[in-house]
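Printed here is start.txt (compact mmCIF, C-alpha atoms):
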# COMPACT_ATOMS: atom_id res chain seq x y z
CA MET U 1 -22.06 -17.20 74.70
CA GLN U 2 -21.84 -20.28 72.48
CA ARG U 3 -21.54 -23.51 74.43
CA VAL U 4 -18.59 -25.62 73.26
CA PRO U 5 -19.26 -29.37 73.41
CA ASN U 6 -16.71 -31.49 75.24
CA ALA U 7 -14.16 -33.14 72.98
CA ILE U 8 -14.94 -36.78 72.21
CA GLN U 9 -12.13 -39.35 72.20
CA PHE U 10 -11.83 -40.50 68.59
CA THR U 11 -10.58 -43.97 69.54
CA LYS U 12 -13.87 -44.68 71.36
CA LEU U 13 -15.86 -44.26 68.14
CA GLY U 14 -16.68 -46.91 65.57
CA ALA U 15 -17.64 -46.41 61.93
CA ASP U 16 -21.37 -46.27 62.73
CA ASP U 17 -20.74 -43.61 65.37
CA LEU U 18 -18.87 -41.50 62.82
CA VAL U 19 -21.66 -41.92 60.28
CA GLN U 20 -24.14 -40.53 62.81
CA LEU U 21 -21.84 -37.65 63.76
CA TYR U 22 -21.25 -36.66 60.13
CA ALA U 23 -24.67 -37.45 58.61
CA TYR U 24 -26.14 -34.72 56.40
CA PRO U 25 -29.42 -33.11 57.46
CA ALA U 26 -32.47 -35.22 56.67
CA ARG U 27 -34.88 -34.39 53.84
CA LEU U 28 -32.67 -31.96 51.94
CA GLU U 29 -34.47 -29.93 49.29
CA SER U 30 -31.40 -28.21 47.81
CA PRO U 31 -27.65 -28.87 47.75
CA TRP U 32 -25.96 -28.77 51.16
CA ILE U 33 -22.30 -27.87 50.71
CA ARG U 34 -19.95 -29.41 53.24
CA VAL U 35 -16.31 -28.30 52.92
CA ASN U 36 -13.55 -30.58 54.21
CA PHE U 37 -10.02 -29.34 54.93
CA ILE U 38 -6.99 -30.04 57.08
CA SER U 39 -4.47 -27.55 58.42
CA SER U 40 -1.52 -27.49 60.79
CA ILE U 41 -1.84 -25.76 64.16
CA ASP U 42 -0.03 -22.74 62.68
CA GLY U 43 -2.50 -22.54 59.79
CA ALA U 44 -0.64 -24.22 56.93
CA MET U 45 -2.89 -26.14 54.56
CA THR U 46 -0.13 -28.22 52.98
CA LEU U 47 3.10 -29.97 53.85
CA ASP U 48 5.60 -30.37 51.02
CA GLY U 49 2.95 -28.98 48.69
CA ARG U 50 0.19 -31.49 49.46
CA SER U 51 -2.60 -31.52 52.02
CA GLY U 52 -2.55 -35.30 52.38
CA ALA U 53 0.87 -35.14 54.04
CA LEU U 54 -0.70 -33.43 57.08
CA GLY U 55 -3.23 -36.15 57.78
CA GLY U 56 -2.94 -39.01 60.25
CA PRO U 57 -5.07 -42.17 60.53
CA ALA U 58 -8.05 -40.41 62.14
CA ASP U 59 -8.25 -37.79 59.39
CA LYS U 60 -8.03 -40.48 56.72
CA THR U 61 -10.83 -42.45 58.41
CA VAL U 62 -13.12 -39.41 58.49
CA PHE U 63 -12.14 -38.54 54.90
CA ARG U 64 -13.44 -41.95 53.80
CA ILE U 65 -16.65 -41.60 55.84
CA LEU U 66 -17.34 -38.19 54.31
CA ARG U 67 -16.96 -39.59 50.80
CA ASP U 68 -19.20 -42.54 51.66
CA LEU U 69 -21.94 -40.13 52.79
CA ALA U 70 -21.70 -37.78 49.79
CA ASP U 71 -23.68 -37.71 46.55
CA VAL U 72 -20.90 -35.81 44.78
CA VAL U 73 -17.34 -34.63 45.48
CA LEU U 74 -16.84 -31.02 44.40
CA VAL U 75 -13.30 -29.76 43.80
CA GLY U 76 -11.44 -26.97 42.02
CA ALA U 77 -9.22 -27.70 39.03
CA GLY U 78 -6.05 -26.54 40.81
CA THR U 79 -6.57 -29.09 43.56
CA VAL U 80 -7.25 -31.82 40.99
CA ARG U 81 -3.90 -31.07 39.36
CA THR U 82 -1.91 -30.67 42.61
CA GLU U 83 -3.32 -33.77 44.32
CA ASN U 84 -3.45 -35.84 41.08
CA TYR U 85 -7.11 -36.74 41.59
CA GLY U 86 -8.57 -39.99 40.34
CA GLY U 87 -12.11 -41.17 40.84
CA ALA U 88 -13.45 -41.41 44.40
CA ARG U 89 -12.80 -44.69 46.22
CA THR U 90 -15.53 -45.63 48.70
CA ASP U 91 -16.84 -48.60 50.67
CA SER U 92 -19.55 -50.04 48.41
CA PHE U 93 -21.16 -52.08 51.21
CA ARG U 94 -21.36 -49.02 53.45
CA ARG U 95 -22.78 -46.99 50.57
CA ILE U 96 -25.57 -49.55 50.14
CA ARG U 97 -26.29 -49.55 53.89
CA LEU U 98 -26.37 -45.75 53.97
CA TYR U 99 -28.81 -45.71 51.08
CA HIS U 100 -31.22 -48.10 52.81
CA HIS U 101 -31.06 -46.02 55.99
CA GLY U 102 -31.75 -42.78 54.11
CA LEU U 103 -28.31 -41.34 54.88
CA GLY U 104 -26.92 -41.00 51.37
CA GLY U 105 -24.78 -43.61 49.73
CA ALA U 106 -26.06 -45.35 46.62
CA GLN U 107 -28.47 -48.21 45.97
CA ASP U 108 -25.84 -50.05 43.92
CA GLY U 109 -22.93 -49.00 46.15
CA ALA U 110 -21.37 -46.85 43.43
CA ALA U 111 -18.91 -44.15 44.46
CA PRO U 112 -19.90 -40.48 44.10
CA PRO U 113 -18.74 -38.71 40.94
CA ILE U 114 -16.06 -36.01 41.06
CA ALA U 115 -17.34 -32.60 39.92
CA VAL U 116 -14.56 -30.20 38.93
CA VAL U 117 -14.94 -26.43 38.76
CA THR U 118 -12.81 -24.91 35.98
CA ALA U 119 -13.83 -21.71 34.20
CA SER U 120 -11.29 -22.33 31.42
CA ALA U 121 -11.70 -26.14 31.11
CA ALA U 122 -7.93 -26.37 31.69
CA LEU U 123 -7.60 -30.05 32.51
CA ASP U 124 -5.50 -32.78 30.96
CA PRO U 125 -7.74 -35.40 29.27
CA ALA U 126 -5.05 -38.00 30.01
CA ALA U 127 -5.06 -37.28 33.77
CA ARG U 128 -6.15 -39.85 36.38
CA LEU U 129 -9.44 -37.98 36.78
CA PHE U 130 -10.47 -39.48 33.43
CA THR U 131 -8.43 -42.69 33.27
CA ASP U 132 -8.67 -44.00 36.86
CA THR U 133 -12.34 -43.78 37.74
CA ALA U 134 -15.47 -45.90 37.81
CA ARG U 135 -17.73 -42.84 37.50
CA ARG U 136 -17.87 -40.29 34.74
CA PRO U 137 -16.48 -36.98 36.07
CA ILE U 138 -18.57 -33.84 35.84
CA ILE U 139 -16.79 -30.74 34.51
CA LEU U 140 -18.42 -27.44 35.51
CA THR U 141 -17.07 -24.85 33.11
CA THR U 142 -18.19 -21.79 31.14
CA ALA U 143 -19.50 -20.82 27.75
CA ALA U 144 -16.33 -18.75 27.27
CA ALA U 145 -13.98 -21.71 27.78
CA PRO U 146 -12.22 -22.83 24.56
CA ALA U 147 -14.46 -25.20 22.62
CA ASP U 148 -11.58 -27.55 21.76
CA ARG U 149 -10.76 -28.04 25.44
CA LYS U 150 -14.37 -28.85 26.27
CA ARG U 151 -14.58 -31.24 23.36
CA ALA U 152 -11.39 -33.02 24.44
CA LEU U 153 -12.72 -33.49 27.98
CA ALA U 154 -16.01 -34.83 26.67
CA ASP U 155 -14.11 -37.22 24.39
CA ALA U 156 -12.17 -38.39 27.47
CA GLY U 157 -15.46 -39.43 29.05
CA ALA U 158 -16.50 -36.40 31.11
CA GLU U 159 -19.91 -34.81 31.31
CA VAL U 160 -19.07 -31.22 30.41
CA ILE U 161 -21.57 -28.62 31.61
CA GLU U 162 -21.52 -24.88 30.96
CA ALA U 163 -22.47 -23.47 34.38
CA GLY U 164 -21.90 -19.79 33.55
CA GLU U 165 -20.87 -17.39 30.81
CA THR U 166 -17.38 -16.38 31.96
CA SER U 167 -17.25 -17.75 35.54
CA VAL U 168 -18.68 -20.66 37.47
CA THR U 169 -20.68 -19.15 40.31
CA ALA U 170 -22.03 -20.75 43.46
CA ALA U 171 -25.53 -20.28 42.07
CA GLY U 172 -24.49 -22.09 38.89
CA ILE U 173 -23.00 -24.95 40.90
CA HIS U 174 -26.17 -25.20 43.01
CA ALA U 175 -28.38 -25.28 39.92
CA VAL U 176 -26.39 -28.02 38.15
CA LEU U 177 -26.18 -30.26 41.21
CA ALA U 178 -29.83 -29.74 42.17
CA GLU U 179 -30.95 -30.64 38.66
CA ARG U 180 -29.13 -33.97 38.99
CA GLY U 181 -30.35 -34.67 42.53
CA LEU U 182 -26.83 -34.41 43.94
CA LEU U 183 -27.74 -32.73 47.23
CA ARG U 184 -25.13 -34.07 49.65
CA VAL U 185 -22.12 -32.13 48.42
CA LEU U 186 -18.60 -32.69 49.73
CA CYS U 187 -16.22 -29.92 48.67
CA GLU U 188 -12.54 -30.86 49.03
CA GLY U 189 -11.02 -27.53 47.97
CA GLY U 190 -9.15 -25.71 46.93
CA PRO U 191 -8.77 -22.38 48.73
CA SER U 192 -10.08 -20.21 45.86
CA LEU U 193 -13.22 -22.29 45.43
CA PHE U 194 -13.76 -22.30 49.19
CA GLY U 195 -13.32 -18.52 49.24
CA ASP U 196 -15.81 -18.05 46.41
CA LEU U 197 -18.35 -20.19 48.25
CA ILE U 198 -17.87 -18.12 51.42
CA VAL U 199 -18.46 -14.91 49.46
CA ALA U 200 -21.69 -16.35 48.07
CA GLY U 201 -22.91 -17.50 51.50
CA ALA U 202 -22.98 -21.03 50.12
CA VAL U 203 -20.89 -22.86 52.73
CA ASP U 204 -23.30 -24.79 54.93
CA GLU U 205 -20.68 -26.66 56.89
CA LEU U 206 -16.93 -26.99 57.45
CA CYS U 207 -15.20 -30.15 58.60
CA LEU U 208 -11.71 -29.11 59.70
CA THR U 209 -8.97 -31.35 61.00
CA VAL U 210 -6.20 -29.57 62.90
CA SER U 211 -2.95 -31.52 62.63
CA PRO U 212 -0.58 -31.30 65.63
CA LEU U 213 2.28 -29.87 63.59
CA LEU U 214 4.06 -26.55 63.28
CA VAL U 215 4.90 -26.18 59.59
CA GLY U 216 6.00 -22.58 59.05
CA GLY U 217 7.16 -21.95 55.50
CA THR U 218 4.99 -20.28 52.89
CA ALA U 219 2.02 -22.65 52.72
CA GLY U 220 -1.29 -20.90 52.06
CA ARG U 221 -4.50 -20.84 54.07
CA ILE U 222 -7.58 -22.99 53.46
CA ALA U 223 -9.76 -20.18 52.06
CA VAL U 224 -8.70 -17.27 49.85
CA SER U 225 -10.89 -14.36 48.75
CA PRO U 226 -10.51 -10.57 48.81
CA ASN U 227 -14.28 -10.11 49.13
CA ALA U 228 -15.45 -12.53 51.82
CA LEU U 229 -17.18 -11.25 54.94
CA PRO U 230 -16.94 -13.04 58.31
CA THR U 231 -19.43 -15.91 58.51
CA PRO U 232 -20.43 -17.00 62.04
CA MET U 233 -20.28 -20.78 62.52
CA SER U 234 -21.38 -23.04 65.38
CA LEU U 235 -19.29 -25.95 66.62
CA ARG U 236 -21.18 -29.23 66.29
CA HIS U 237 -18.48 -31.54 67.60
CA ALA U 238 -14.75 -31.87 68.28
CA LEU U 239 -13.04 -35.26 68.17
CA LEU U 240 -9.62 -35.69 69.79
CA ASP U 241 -7.29 -38.41 68.55
CA ASP U 242 -4.46 -39.91 70.59
CA ASP U 243 -1.86 -38.26 68.32
CA GLY U 244 -3.24 -34.80 69.15
CA SER U 245 -5.26 -34.29 65.96
CA VAL U 246 -8.54 -32.45 66.53
CA LEU U 247 -11.36 -33.14 64.08
CA THR U 248 -14.07 -30.50 64.18
CA ARG U 249 -17.41 -29.95 62.47
CA TRP U 250 -18.80 -26.42 62.13
CA GLU U 251 -22.21 -25.38 60.79
CA ARG U 252 -23.54 -22.07 59.52
CA ALA U 253 -26.80 -20.81 61.03
CA HIS U 254 -29.75 -21.61 58.78
CA THR U 255 -33.09 -19.82 58.77
CA GLN U 256 -35.96 -22.10 59.65
CA SER U 257 -38.73 -22.12 57.03
Any chance you could give the structure as structure tokens?
Amino acid sequence: MQRVPNAIQFTKLGADDLVQLYAYPARLESPWIRVNFISSIDGAMTLDGRSGALGGPADKTVFRILRDLADVVLVGAGTVRTENYGGARTDSFRRIRLYHHGLGGAQDGAAPPIAVVTASAALDPAARLFTDTARRPIILTTAAAPADRKRALADAGAEVIEAGETSVTAAGIHAVLAERGLLRVLCEGGPSLFGDLIVAGAVDELCLTVSPLLVGGTAGRIAVSPNALPTPMSLRHALLDDDGSVLTRWERAHTQS
């Protein structure tokens, strides 16, 4: 039987404690994909159409820590459009400290780039992703995507990469990120991308905040795929906030080399 660690009171933790709890494995040799989501206690992934409406202060604090630790933020095009993504905002001083301690970050404190998965390159070149960012976004698309769309995104400042012929696979994502040394991967959705990663056995870790709300309605679940098989995960920690939010970290079993 899996031993469940005792819940830790979130309010007793400082930023350095959270960094240690959420640090990526040391000496990564290939991309490690951490997925971050929030849901209500009845399983809804959005409130009024947006995931951010579910989050309280603790979730927002961890959200910032996760971005500070990451080399790249991976996200599906649908989530970019729904959440009106701009460039990542991070703590530059913390990013420098993390770099010097070998925990990620960046030597110059720069924020991680946003990498968007879109097989059809269906993004608006005038969106915040391109106009409100300090880092050039990475667009992972396909050879089959319309050339004029890819050209427009490149003209808007993106690095446009064909990561497959007709679909962007987990293997293609891995290859592109590994080639650029972007090994600490933070995936922020959406459900279809998460589902595809589960199917491919590419989800190394899930950080899930459970919001103390009953939402009902027709909101979807955090992962969607008709082909995924159950993936056993081990609980690494559970943090309990005063408002009832539970912030968990789950890890897939990895074969030791």
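Residues in contact with stretch 21-33 of chain U at up to 7 Å, not including ones fewer than 4 positions away on its chain and judged by only C-alpha atoms, are Asp17, Leu69, Leu103, His174, Leu177, Ala178, Leu182, Leu183, Arg184, Val185, Leu186, Cys187, Ala202, Val203, Asp204 and Glu205 of chain U.
Minimum atom-to-atom distance to U:Leu240, evaluated using all atoms listed in the file, belongs to U:Val210 out of U:Ile222, U:Val210, U:Val160, U:Ile138.
Closest to U:Asp108 among U:Ser120, U:Leu206, U:Met233, U:Phe93 is U:Phe93, based on all atoms listed in the file.
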Please tell me which residues are no farther than 7 Å from (-13.5, -28.0, 55.2) in the file, counting only C-alpha atoms, and write them as number ranges by chain. U: 34-37, 188, 206-208
U:Lys150 surroundings by all atoms listed in the file, 7 Å radius, close-in-sequence under 4 positions cut, as a PyMOL selection string: chain U and resi 121+146+154+160
Å distance separating atom CA of U:Arg89 from atom CA of U:Leu197, one decimal place: 25.2 Å
Missing atoms in stretch 155-169 of chain U: can you complete it with N, CA, C and O atoms, as a PDB file, in the frame of the given file?
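The result, written out as selection32.pdb:
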ATOM      1  N   ASP U 155     -14.626 -36.028  25.074  1.00  0.00           N
ATOM      2  CA  ASP U 155     -14.110 -37.220  24.390  1.00  0.00           C
ATOM      3  C   ASP U 155     -13.402 -38.161  25.371  1.00  0.00           C
ATOM      4  O   ASP U 155     -13.353 -39.377  25.152  1.00  0.00           O
ATOM      5  N   ALA U 156     -12.849 -37.584  26.457  1.00  0.00           N
ATOM      6  CA  ALA U 156     -12.170 -38.390  27.470  1.00  0.00           C
ATOM      7  C   ALA U 156     -13.157 -39.056  28.426  1.00  0.00           C
ATOM      8  O   ALA U 156     -12.748 -39.823  29.308  1.00  0.00           O
ATOM      9  N   GLY U 157     -14.441 -38.764  28.259  1.00  0.00           N
ATOM     10  CA  GLY U 157     -15.460 -39.430  29.050  1.00  0.00           C
ATOM     11  C   GLY U 157     -16.192 -38.564  30.051  1.00  0.00           C
ATOM     12  O   GLY U 157     -17.077 -39.055  30.772  1.00  0.00           O
ATOM     13  N   ALA U 158     -15.871 -37.273  30.127  1.00  0.00           N
ATOM     14  CA  ALA U 158     -16.500 -36.400  31.110  1.00  0.00           C
ATOM     15  C   ALA U 158     -17.855 -35.901  30.629  1.00  0.00           C
ATOM     16  O   ALA U 158     -18.113 -35.805  29.428  1.00  0.00           O
ATOM     17  N   GLU U 159     -18.699 -35.569  31.601  1.00  0.00           N
ATOM     18  CA  GLU U 159     -19.910 -34.810  31.310  1.00  0.00           C
ATOM     19  C   GLU U 159     -19.545 -33.339  31.477  1.00  0.00           C
ATOM     20  O   GLU U 159     -19.272 -32.876  32.585  1.00  0.00           O
ATOM     21  N   VAL U 160     -19.510 -32.612  30.400  1.00  0.00           N
ATOM     22  CA  VAL U 160     -19.070 -31.220  30.410  1.00  0.00           C
ATOM     23  C   VAL U 160     -20.298 -30.319  30.411  1.00  0.00           C
ATOM     24  O   VAL U 160     -21.140 -30.395  29.510  1.00  0.00           O
ATOM     25  N   ILE U 161     -20.395 -29.457  31.421  1.00  0.00           N
ATOM     26  CA  ILE U 161     -21.570 -28.620  31.610  1.00  0.00           C
ATOM     27  C   ILE U 161     -21.141 -27.160  31.682  1.00  0.00           C
ATOM     28  O   ILE U 161     -20.252 -26.801  32.462  1.00  0.00           O
ATOM     29  N   GLU U 162     -21.754 -26.317  30.886  1.00  0.00           N
ATOM     30  CA  GLU U 162     -21.520 -24.880  30.960  1.00  0.00           C
ATOM     31  C   GLU U 162     -22.396 -24.317  32.084  1.00  0.00           C
ATOM     32  O   GLU U 162     -23.616 -24.249  31.954  1.00  0.00           O
ATOM     33  N   ALA U 163     -21.750 -23.927  33.197  1.00  0.00           N
ATOM     34  CA  ALA U 163     -22.470 -23.470  34.380  1.00  0.00           C
ATOM     35  C   ALA U 163     -22.351 -21.959  34.574  1.00  0.00           C
ATOM     36  O   ALA U 163     -22.535 -21.453  35.680  1.00  0.00           O
ATOM     37  N   GLY U 164     -22.018 -21.239  33.503  1.00  0.00           N
ATOM     38  CA  GLY U 164     -21.900 -19.790  33.550  1.00  0.00           C
ATOM     39  C   GLY U 164     -21.339 -19.281  32.251  1.00  0.00           C
ATOM     40  O   GLY U 164     -20.863 -20.063  31.425  1.00  0.00           O
ATOM     41  N   GLU U 165     -21.394 -17.974  32.047  1.00  0.00           N
ATOM     42  CA  GLU U 165     -20.870 -17.390  30.810  1.00  0.00           C
ATOM     43  C   GLU U 165     -19.353 -17.267  30.846  1.00  0.00           C
ATOM     44  O   GLU U 165     -18.653 -17.781  29.986  1.00  0.00           O
ATOM     45  N   THR U 166     -18.838 -16.568  31.857  1.00  0.00           N
ATOM     46  CA  THR U 166     -17.380 -16.380  31.960  1.00  0.00           C
ATOM     47  C   THR U 166     -16.830 -16.879  33.298  1.00  0.00           C
ATOM     48  O   THR U 166     -15.621 -16.936  33.469  1.00  0.00           O
ATOM     49  N   SER U 167     -17.691 -17.223  34.244  1.00  0.00           N
ATOM     50  CA  SER U 167     -17.250 -17.750  35.540  1.00  0.00           C
ATOM     51  C   SER U 167     -18.275 -18.771  36.025  1.00  0.00           C
ATOM     52  O   SER U 167     -19.445 -18.732  35.637  1.00  0.00           O
ATOM     53  N   VAL U 168     -17.791 -19.671  36.866  1.00  0.00           N
ATOM     54  CA  VAL U 168     -18.680 -20.660  37.470  1.00  0.00           C
ATOM     55  C   VAL U 168     -19.021 -20.162  38.864  1.00  0.00           C
ATOM     56  O   VAL U 168     -18.167 -20.127  39.753  1.00  0.00           O
ATOM     57  N   THR U 169     -20.259 -19.737  39.042  1.00  0.00           N
ATOM     58  CA  THR U 169     -20.680 -19.150  40.310  1.00  0.00           C
ATOM     59  C   THR U 169     -21.259 -20.224  41.239  1.00  0.00           C
ATOM     60  O   THR U 169     -21.599 -21.330  40.809  1.00  0.00           O
TER      61      THR U 169
END
